[in-house]
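Okay, structure first, notes after.
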Amino acid sequence: MVATVGQLADLVRGRLVGDGNVSIRSARPVTEAGPGDITFIESERYAKQLRSSPASAAIVGPHFTVAHRETADTLAVIEVDDPMAAFLAVRTHLSGTGRSRWTGIHPQASVAPSARLGRDVAIYPFAYVGEDAAIGDGCTLHPGAVIGAGCTLGRECVIHPNAVLYPGVVLGDRVEVHAGTVLGGDGFGYRTTGGRHVKIPHSGRLEVGSDVEIGSNCTIDRATFEATRIGEGTKIDNLVMIGHNNQVGRHNLLCGQVGIAGSCKTGDYVIMAGQAGIKDNTTIGSGVIVGAQAGVHRNVPDGQNVLGSPAIPVREQRRIFQMIARLPEMHRQLRELSARIAEITAALPEGHLDGLTTDAGPGSSAEDATEELA
């Protein structure tokens with residue numbers, strides 16, 4: 001699709017600066033945009049890239065008045081409050097991806113007679129809906145999606161190809177589950193009886209709040225008896241594992257390869273960076289940031305920023321990292337001091353050191369000994 005800058009400004013309700021008759025074919029990032037493209041700038045630090053870009057137009061924030069003056073002669077500009085949101089709207093419009101959504105039940109889908117389907121659902125080939133499952137209005141089940149018996153999906157949920165919901169999983173509204181993810185499987189729980197590991201049955205369920213997005217190839221286990229819960233608005237990256245009985249708060253951000261052992265609890269707005277690991281029965285307070293590859297072995301209070309394994313406050317951990325980086329230099333200095341002390345000792349008259357070891361207590365330092373030798 002082709003549109004003028006003026007039409008795009010009307011689409012996003014922005015303020016046009018420059019020529020509104022310029023034709024735009026596509027929307028691309030500033031590092032890749034060329035003639036006939038519209039780009040966007042979200043931060044002042046990228047203003048230099050915008051000024052040197054061959055793009056025909058740009059979407060910017062209200063603070064880009066300087067950029068307007070410098071680029072108005074060659075670059076049409078649309079000023080909006082949220083450049084990223086406006087750029088996404090323009091990109092969707094130009095690519096034509098906003099076309100009508102298909103609805104219906106494909107003949108090659110398998111839907112149990114007792115399942116309850118809402119209005120405007122889309123169930124693609126080879127999707128499966130089990131007995132007594134409830135699918136809310138506007139839900140989309142892509143090919144190979146499996147919705148187990150007794151599952152409940154709220155409105156406008158999207159289940160991508162080959163995602164599996166075990167029986168009894170409950171999703172709120174607008175939950176998106178990406179390909180290959182498994183929700184509601186058994187937790188990793190065993191008892192050693194008679195020299196054998198005997199499985200503990202997991203009869204609980206998994207409840208996922210509204211507006212949660214779960215990436216590809218994640219696993220979230222059902223509870224042993226009651227419910228594993230994921231709070232509303234939480235976003236989960238690919239390859240994340242959440243164990244049984246966990247209570248994840250609202251609006252958490254869990255990055256790739258995070259692993260949370262069983263029976264943990266997080267507050268609201270927690271961020272866990274990539275490969276962070278949380279020990280079982282650990283409580284993470286609201287607003288906590290867990291750094292990449294951190295190993296959390298004890299409770300973390302609200303608002304703390306932790307790093308390392310075992311995880312400690314990031315300020316302390318940075319000091320440790322700085323000291324570790326200095327170890328080679330400290331080792332070199334120690335060897336030089338040892339060699340110097342050996343030279344001084346060898347040069348002293350015989351018997352001069354008698355009693356030195358006795359006089360120097362256990363708390364004496366190398367510096368004290370050196371002064372005494374002098």
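To be explicit about the labels: the chains of the structure tokens are called A, B, and onward in the order shown, and within each one the residues are counted from 1, while ligands get numbers from 1 in the order they are shown.
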Please provide the set of residues having any atom within 8 Å of A:Cys151, restricted to only C-alpha atoms, with same-chain residues fewer than 5 positions apart removed, written as JSON, numbers by chain. {"A": [130, 132, 133, 134, 165, 166, 167, 168, 169, 170]}
Please report, as a Markdown table, each residue of stretch 87-136 of chain A lying at most 9 Å from stretch 21-32 of chain A, together with the nearest pair of atoms and the separation in Å rounded to one decimal; use only C-alpha atoms, and order rows by chain and ascending residue number.
```
| residue | atom | partner | partner_atom | distance |
| --- | --- | --- | --- | --- |
| A:Phe87 | CA | A:Ala27 | CA | 7.3 |
| A:Leu88 | CA | A:Ala27 | CA | 8.5 |
| A:Val90 | CA | A:Ala27 | CA | 6.9 |
| A:Arg91 | CA | A:Ala27 | CA | 5.1 |
| A:Thr92 | CA | A:Ala27 | CA | 8.8 |
| A:Leu94 | CA | A:Ser26 | CA | 5.9 |
| A:Ser95 | CA | A:Ser26 | CA | 7.2 |
```
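Shortest atom-to-atom contact with A:His142 among A:Gly256, A:Pro113, A:Gly104, A:Gly118: A:Gly104, counting only C-alpha atoms.
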Mind the document's chain letters and residue numbers, and return as an MDAnalysis selection string the residues of stretch 289-362 of chain A that DSSP labels alpha helix (DSSP H). chainID A and resid 314:347 356:359
For stretch 173-179 of chain A, find every residue with an atom within 9 Å (counting only C-alpha atoms), except residues of its own chain fewer than 5 positions away, and show them as a VMD selection string. chain A and resid 136 139 145 153 to 164 208 to 218 238
Residues within 12 Å of A:Asp221, please, as an MDAnalysis selection string. Count only C-alpha atoms; anything in the same chain fewer than 3 positions from it doesn't count. chainID A and resid 164:169 181:189 202:208 218 224:230 240:247 259:263
Tell me which protein, DNA and RNA residues are within 8 Å of stretch 287-303 of chain A, counting only C-alpha atoms, leaving out same-chain ones fewer than 4 positions away, and put them as a count of residues only. 20
Quick one: residues within 7 Å of A:Ser114, only C-alpha atoms counted, chain neighbours fewer than 2 positions away excluded, as a PyMOL selection string? chain A and resi 112+116+131-132
Any chance you can output those residues with C-alpha atoms as a CSV table (one decimal), in the first residue's frame?
```csv
chain,number,residue,atom,x,y,z
A,112,ALA,CA,-15.4,-32.2,21.6
A,116,ARG,CA,-18.5,-24.5,24.7
A,131,GLU,CA,-14.4,-32.3,26.7
A,132,ASP,CA,-16.0,-29.5,28.7
```
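One finds atom CA of A:Glu232 at 10.1 Å from atom CA of A:Leu171.
With atom CA of A:Tyr128 on one side and atom CA of A:Ile105 on the other, the separation reads 10.8 Å.
Remark: for A:Asn281, the closest of the candidate residues A:Ala33, A:Ile344, A:Cys264, A:Val258 is A:Cys264 (distances computed over only C-alpha atoms).
Our summary of the geometry notes that atom CA of A:Met84 is positioned 8.0 Å from atom CA of A:Ile41.
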If you run DSSP on the backbone here, which positions in stretch 107-165 of chain A get strand (DSSP E)? Please write them as a list in words. Ser110, Val111, Arg116, Leu117, Ala122, Ile123, Tyr128, Val129, Ala134, Ile135, Thr140, Leu141, Val146, Ile147, Thr152, Leu153, Val158, Ile159, Val164 and Leu165 of chain A
9 Å contact set for A:Phe126, only C-alpha atoms, chain neighbours under 2 positions out, as a PyMOL selection string: chain A and resi 106-110+123-124+128+142-146
